[in-house]
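Trainee: Handing you this structure, nothing more for now.
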Amino acid sequence: MVNLEIHDLSMRYEKKYILEDLQLYVEHGELLVILGESGCGKTTLIKIIAGIIEPEKGKIIIEGEDITHVPPQKRKMGYVPQAQVLFPHMTVKSNVSFGLKSHKKSKEEIKEKISWVAELTQIEELLDRFPSEISGGQKQRVALARAMAIKPNVLLLDEPLSSIDATGREALALTIRRIQKETETTTIYVTHNQEEARLISDRVAVIYDGKVQQIGTVTFIDNSPKNYLVAQIMGLPNVWPVYYIEETDENTILNTTIGEIKLTKQTNKKITGISISPSSFKPSLEKKSISDLEKSHFIEFKGEVKSMVQRDERTIRAVIELEGEKFDYAKIDVDKEAFEDILSSDQKIFLYVDPSKVIIL
Amino acid sequence: MTFPSFNLKKRIGTKDELLNKVIIATASLVIVLFFLFFFYVPLTRILKFSFIEQGKLTLDYFSDVINSPMNRSALIFSFYQAFLSTIICLVIGLPASYFLAKYEFRGKKVLINLLTIPFVLPPIVVLLGFIITYDDKGWVNTIWQTISGSNNPLINIFGSIEGILIAHIFYNISVIIRITIPAWENIDYDLIDVAKTLGTSKWKRFRKIIFPQIFNHIVSASLLVFIYAFNSFAIVLYLGQVRFQTLEVRIYKEMVRSLDFQSGTALAVIQLIINTLIIVFYLISEKRTRKMAVGKEKSLQKEKISFRRFNTGKKIVVFISIVYMILLFIFTFAPILAIFIESFKPAIESVSAFWGYRQLFSTEYNAYLHNDPLRMLLNTLWFASLNMIITILISLSLVFIIRNKFQRLRKYQTSRVEGIISYLILLPMATSSITLAVGLFLQFRTFSWFNDAVWIFIILAHVLISVPFATRSILASYNRIDVELLNVASTLGASRLKIFAKIELPLILKGLIVGGIFSFAISLGEFGATNFLVRTEYGTLSVGIYNLFGSHTLQLPAAMASMLILITILCFIMIQRIGDIDLKV
């Protein structure tokens, strides 16, 4: 178990910064998911930690030791690259033992480690096969076994599920989680898929613009995303960017893709977007009378029902296409009993939201 | 768990990078010195002969050369015959490659491989095969005279353009076929379907959609055929006689027969400029072809040949195609078969059928050969083996300099050496065999040991000829290596040398072996440079066969040629077993 610190890490590619003064701290034995969209520098970051790419600036520290200029051979990082790259000319067994042999372990130790890691990753039956003879999921297990065999300081996983078919993904994700827990290996798991982060992370670091924007548990970020982009990357429903803000004496008017939103409260926070929880929408098939609206200052949206999916025994999640020039959609949760028989596809619907329920990002 | 301590100084971690740099520096040094001593310095000697007269720069030799009608007609003829050869190869080769791409049948792969054999055959062997098949008393004319009752031969290959063209077509059809089969196969048929739904006419679909997709492949293939035909030597030297000469033949004659080094080198410079231009065009066209070759989902629908299912129109088309393929096959194999038969055919009745092969062990023809045939066979194999080893070492070094994946791992930029070296080898590629030999000869002839060590220069010339082919073959397999494999290996603790030995080398082994065997085969049959440099006892089989063309019987040269064919075909089979042949420069 080690901890990992990254200080002021910068890296340019063709003059454009892909990582800029990035800071990161990984706890002993934790699984940190790095979440970001494609091209945000996740893979570069993992390669820098593995020692494959040398950063232009910054420090990488493991257990207090600066390893920024230590070559990959001496770092003992368990690197599992994105594509399933096994040595094609070697059996699974030779693939797994490659690192052990490079570290000049004794024959007995190699044998012992292979059987340990093969059991851990459930690849015992595959040991004598060649990479061309096994499936994608199996290949990724072998890649994992190969990385784990050297008992790495840090396990580095680059989108490990990206080329696995949908059915095998969850199983493999849980295998990774189990192995990581059992061996208490500090792990960095890079992905663009927030579902994976939700499934296995201890903490999540959301990165874009070459920086870690927010770091914390999934629940923490879900409840208080730092800004619009973090909320969007976390896959939160109903987030919209704010284009500009007009402030009057009483109100703050936010100009968003879904129209103007008038808020009575004042805020000191830098506003980047808004989010409305699916349960905050009050649906109605008819336009409410003006008097009702005036009383509560509810925000009104018009739209059409586009799809309905049952969420649990009591709620239905409906997707509403909001009226407007662009195609914007709102996801709303409605009571199943009250609405199941009333809602149908393409039906016109009005949505009312209490402005105090609008979350400012 | 214990944690290893990193008691390393800041930059010591780059030990492997340092080793990598040392390897690259050593390889670069070897390459640069090799090309410097055996190519660039000899080249400057050629330039000196052609540009400098009594210490002064002059263009007189060039104007003399161009004003000489003999040379001018050689220049024109080189272009003319290369152009005609290319056009005829396209006309004959494209339908064949379409047939081979479109239809599936048993033995198709074998047929494609068999049709490629001429490309690897030694030119002297082809020449001998042509003489036996097409000369006045050859098979074709005998059959023609029997059928038609005429006394005039159908074809006259000596001192005529037909013989030269037929030989060039024989040689190069395989280039067209092999390069354009993938072109036909890779046509994106989704596009054609889309065009159909848009109501485009058949002709327009061909012109606007199919043709642009195959055009670049055709250009690449044509430029290759053109350059091979343009630099043709042995065939034109013998069949063209005095009437038809290529530049390559003129250079040889000026250098060897007239001992006019100034004119010879001036012609060599002109030829080099033309070749460089063609190669540059070729590389541009190759690049474009590669760019277009990406992202095709649905390619040519292959059909099995089945006369039952085809309608009448299609039956006729397929039937004509099959007859066409059979004729092409006969055209390809007649000269080869003719040599084997000739090797068992005594000129006088009292001699046994095995006389030719028995003569391989005698010394009876040493007056012509300057050596005994067995020694020539051994020379051939010895030169080819040494050439193979040196070529592999040089090509491997070249690949490691041009595409050192390891070096790119830690830094994003590519090194400057790569760029310089890839240009450095462009010129040797564009230099004809005779010019390479002329350079070596002019540079080293003044050394007292030149005549004794001439075998070294023969091998060096072979190396200069083989390196582009071998490099290509190794490069192709090296490019297929996923960089991540090397990344993973280094994180697993493998040193630079271990990564090379355990990962890079095993993964390029196929390309290495194919490149090696191919350079072996090139050396086996090389004639132009060898014949130019050869002194007494260092003759190869090719030189021996050529010297025996004038003898009363072709049985001995046919026996020698049969040996060459057998070894060449053996090489070819090995190449096909292991990987694929690359006909490109």
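By order of appearance in the structure tokens: chains A, B, ..., then residues from 1 within every chain, and ligands from 1 in the order shown.
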Using only C-alpha atoms, find the residues of chain A whose closest atom to chain B is at most 6 Å away, then write them as a ChimeraX atom specification.

Mentor: /A:52-54,69-73,99,102

Trainee: Near range 315-321 of chain B, within 9 Å and counting only C-alpha atoms, which residues show up once chain neighbours fewer than 4 positions away are dropped, as a PyMOL selection string?

Mentor: chain B and resi 95-96+99+305-308+310-311+325-326

Trainee: Mind listing the alpha helix (DSSP H) residues of range 26-145 of chain B, per DSSP on the backbone, as a PyMOL selection string?

Mentor: chain B and resi 26-35+41-51+60-67+69-102+108-120+123-134+139-145

Trainee: Residues within 7 Å of range 390-397 of chain B, please, as a PyMOL selection string. Count only C-alpha atoms; anything in the same chain fewer than 5 positions from it doesn't count.

Mentor: chain B and resi 27+31+463+466-467+470-471+516

Trainee: Any chance you could export the current selection's C-alpha atoms as a PDB file, in the first residue's frame?

Mentor:
ATOM      1  CA  ALA B  27      23.634   1.839 -36.060  1.00  0.00           C
ATOM      2  CA  ILE B  31      24.795   3.037 -41.939  1.00  0.00           C
ATOM      3  CA  VAL B 463      23.874  -5.238 -50.903  1.00  0.00           C
ATOM      4  CA  SER B 466      18.938  -5.545 -52.003  1.00  0.00           C
ATOM      5  CA  VAL B 467      18.753  -3.132 -49.063  1.00  0.00           C
ATOM      6  CA  ALA B 470      14.794  -5.979 -47.331  1.00  0.00           C
ATOM      7  CA  THR B 471      14.229  -2.718 -45.461  1.00  0.00           C
ATOM      8  CA  GLY B 516      16.693 -12.069 -46.051  1.00  0.00           C
TER       9      GLY B 516
END

Trainee: May I have the residues within 9 Å of range 168-170 of chain A as a list in words, using only C-alpha atoms and disregarding those fewer than 6 positions away in the same chain?

Mentor: Gly137, Leu161, Ser162, Glu196 and Leu199 of chain A

Trainee: Take the residues from that selection and write them out as a PDB file, in the first residue's frame, keeping C-alpha atoms.

Mentor:
ATOM      1  CA  GLY A 137     -12.758 -10.226 -21.521  1.00  0.00           C
ATOM      2  CA  LEU A 161     -13.792  -2.072 -19.966  1.00  0.00           C
ATOM      3  CA  SER A 162     -13.895  -0.023 -23.158  1.00  0.00           C
ATOM      4  CA  GLU A 196     -18.128   2.563 -13.913  1.00  0.00           C
ATOM      5  CA  LEU A 199     -19.913   0.990  -9.548  1.00  0.00           C
TER       6      LEU A 199
END

Trainee: Would you list the contacts of range 357-361 of chain B as a PyMOL selection string, taking every protein, DNA or RNA residue within 6 Å and counting only C-alpha atoms, but skipping same-chain residues closer than 2 positions in sequence?

Mentor: chain B and resi 354-355+373-374+559

Trainee: At a cut-off of 9 Å, using only C-alpha atoms, what residues contact Glu20 in chain A? Leave out same-chain residues fewer than 6 positions from it and give the result as a CSV table (one decimal) with N, CA, C and O atoms, in the first residue's frame.

Mentor:
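File written: result-v4.csv
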chain,number,residue,atom,x,y,z
A,8,ASP,N,1.7,19.9,-9.7
A,8,ASP,CA,1.9,20.8,-10.8
A,8,ASP,C,2.3,20.2,-12.1
A,8,ASP,O,3.2,20.6,-12.8
A,9,LEU,N,1.6,19.1,-12.4
A,9,LEU,CA,2.0,18.3,-13.6
A,9,LEU,C,1.5,19.0,-14.9
A,9,LEU,O,0.3,19.4,-15.0
A,10,SER,N,2.4,19.3,-15.8
A,10,SER,CA,2.0,19.9,-17.1
A,10,SER,C,2.6,19.1,-18.3
A,10,SER,O,3.7,18.6,-18.2
A,11,MET,N,1.8,19.0,-19.3
A,11,MET,CA,2.3,18.3,-20.5
A,11,MET,C,1.6,19.0,-21.7
A,11,MET,O,0.4,19.2,-21.7
A,12,ARG,N,2.4,19.2,-22.7
A,12,ARG,CA,1.9,19.8,-23.9
A,12,ARG,C,1.9,18.8,-25.1
A,12,ARG,O,2.8,18.0,-25.1
A,209,ASP,N,-10.0,20.3,-19.1
A,209,ASP,CA,-9.0,21.5,-19.3
A,209,ASP,C,-7.7,21.2,-18.6
A,209,ASP,O,-7.1,22.1,-18.1
A,210,GLY,N,-7.3,19.9,-18.6
A,210,GLY,CA,-6.0,19.6,-18.0
A,210,GLY,C,-5.9,19.7,-16.5
A,210,GLY,O,-4.7,19.7,-16.0
A,211,LYS,N,-7.0,19.8,-15.8
A,211,LYS,CA,-6.9,20.0,-14.4
A,211,LYS,C,-7.9,19.1,-13.7
A,211,LYS,O,-8.9,18.7,-14.3

Trainee: If you measure from CA of Leu460 in chain B to CA of Leu223 in chain B, what distance in Å do you get, rounded to one decimal?

Mentor: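 Between these atoms lies a distance of 26.6 Å.
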